[in-house]
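Here's the structure, in structure tokens; my notes come after.
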Amino acid sequence: MIEAFYAKTEAMRSALNDEMKAVLGFSGEKPDLFHGMMHYHMGWVNKDLEPEQVNAGKQIRPILLLLSCQAAGGDWQQAVPAAAAIELIHNFSLIHDDIEDASPTRRGRLTAWQIWGIEQSINAGDAMFALAHIAMNRLFDRGVPAEIVVKAMRRFDETCVHLTQGQNLDMAFETMDVVTVDEYIKMITGKTAVLLSLCTELGALIAGADAQTVKNYHQFGLDAGLAFQVKDDILGIWGDEALIGKSASTDIVTKKKTLPVLYGLAESEALRDHYELDSNSNGFVETAVSLLTEAGARDYATQKAITYTDSSLSHLDIANPQGEASEALKMLMNFLLERNY
């Protein structure tokens, strides 16, 4: 399914990458260090800053924006600068997240801070944050009306605040003994869902859709983002390791506070007692997964994902998307929400 989706959106991805390269000053020649760190993170050069094309991520968010614009009756090419801004702000957050999480690798390569140090990588992230805003300004060059550009830029900045609030909560949870399900939903709303909702909202806004349609596109993206994260939480415990590309026990060993775990801890005294033990002890993971299942954590999380998915698709139907873009949007949502990796 995902291969068919990428085939349908090949022109969009090509335009998106051309726009991002223009904004980040990529010429195909060896860049200076300032630009080179950003180019490396984007997958355009290697650690020696020599041109190299490697995995640059799925780029789902910007394509979601362009499809929403087209489905809402707009010209997706007008929205390309906003799509580039979305992907750049996403990657800014990844550069900083890698530092905050002390992650040594991303997309199969060393993270930027592992090569150039924390200080320079923070600077690279800051530069990408600023350049994402410059990308948004390029909407003027595509003939988007000024009042729409101003509104889009305000929503962009508001979402950046929500993103950093979500990351703040995520890090705070690491030192909190008790986190409620409601607190967790608030965190993933900021860290994951608001950026997807901005994509669908901006697509409709740039298309010139009416206020109610824009609102429905916003809610479509928000609920899709929540469903996507809950699905990830489920796969992080019960997923097939061969498909998800990492150990399904990682979330348990690190005692990560995901939705199924928080629900299980609230419902099961046996699980709470078990979580007092050393997670590296023999049989810890297997027992934890068994207790989570017995507590109904998997069923609870699955139902949550279904509820968010149904709400997302309901708002999309109300927005009445048109043409091939509508089909591509539904194809994308089916992949994201029914995937097993």
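Order determines the names: the first chain of the structure tokens is A, the second B, and so forth; residues in each chain are numbered 1 upward, and ligands are numbered 1 upward as they are shown.
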
* Arg142 in chain A: which residues within 12 Å, counting only C-alpha atoms, same-chain residues fewer than 4 positions away excluded, as a VMD selection string? -> chain A and resid 19 75 to 82 135 to 138 146 149 206

* **Residue list (helix (DSSP H, G or I), DSSP) for range 53-220 of chain A, as a ChimeraX atom specification** => /A:60-71,76-100,112-116,118-137,140-142,146-173,181-206,211-220

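When only C-alpha atoms are used to compute distances to Leu336 in chain A, the closest of the residues A:Ile89, A:Ala56, A:Ala71, A:Ala224 turns out to be A:Ala224.
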
* To do: Using only C-alpha atoms, determine which residues lie at most 6 Å from Gly125 in chain A, disregarding the query and same-chain residues fewer than 3 positions distant; provide the list as a PyMOL selection string.
  => chain A and resi 92+95+122+128

Mind running range 27-132 of chain A against range 163-180 of chain A at 10 Å and telling me each contacting residue's nearest atom pair with the distance in Å (one decimal), counting only C-alpha atoms, chain and number ascending, as CSV?
residue,atom,partner,partner_atom,distance
A:Ile89,CA,A:Leu163,CA,9.7
A:His90,CA,A:Leu163,CA,9.4
A:Ser93,CA,A:Leu163,CA,8.3
A:Asp97,CA,A:Gln167,CA,8.1
A:Glu100,CA,A:Met171,CA,8.4
A:Asp101,CA,A:Met171,CA,8.6

Written selection (N, CA and C atoms) as a PDB file, in the first residue's frame:
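The file below, out01.pdb, is the result:
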ATOM      1  N   ILE A  89      10.871  22.050  10.290  1.00  0.00           N
ATOM      2  CA  ILE A  89      10.620  22.195  11.730  1.00  0.00           C
ATOM      3  C   ILE A  89      10.606  20.827  12.395  1.00  0.00           C
ATOM      4  N   HIS A  90      10.114  19.832  11.691  1.00  0.00           N
ATOM      5  CA  HIS A  90      10.154  18.461  12.215  1.00  0.00           C
ATOM      6  C   HIS A  90      11.599  18.021  12.410  1.00  0.00           C
ATOM      7  N   SER A  93      13.353  19.617  15.338  1.00  0.00           N
ATOM      8  CA  SER A  93      13.002  18.969  16.601  1.00  0.00           C
ATOM      9  C   SER A  93      13.770  17.665  16.777  1.00  0.00           C
ATOM     10  N   ASP A  97      16.023  16.691  19.818  1.00  0.00           N
ATOM     11  CA  ASP A  97      15.600  15.487  20.548  1.00  0.00           C
ATOM     12  C   ASP A  97      16.760  14.497  20.683  1.00  0.00           C
ATOM     13  N   GLU A 100      18.856  15.695  23.494  1.00  0.00           N
ATOM     14  CA  GLU A 100      18.161  15.568  24.782  1.00  0.00           C
ATOM     15  C   GLU A 100      18.011  14.110  25.206  1.00  0.00           C
ATOM     16  N   ASP A 101      17.861  13.223  24.227  1.00  0.00           N
ATOM     17  CA  ASP A 101      17.690  11.798  24.525  1.00  0.00           C
ATOM     18  C   ASP A 101      19.013  11.028  24.489  1.00  0.00           C
TER      19      ASP A 101
END
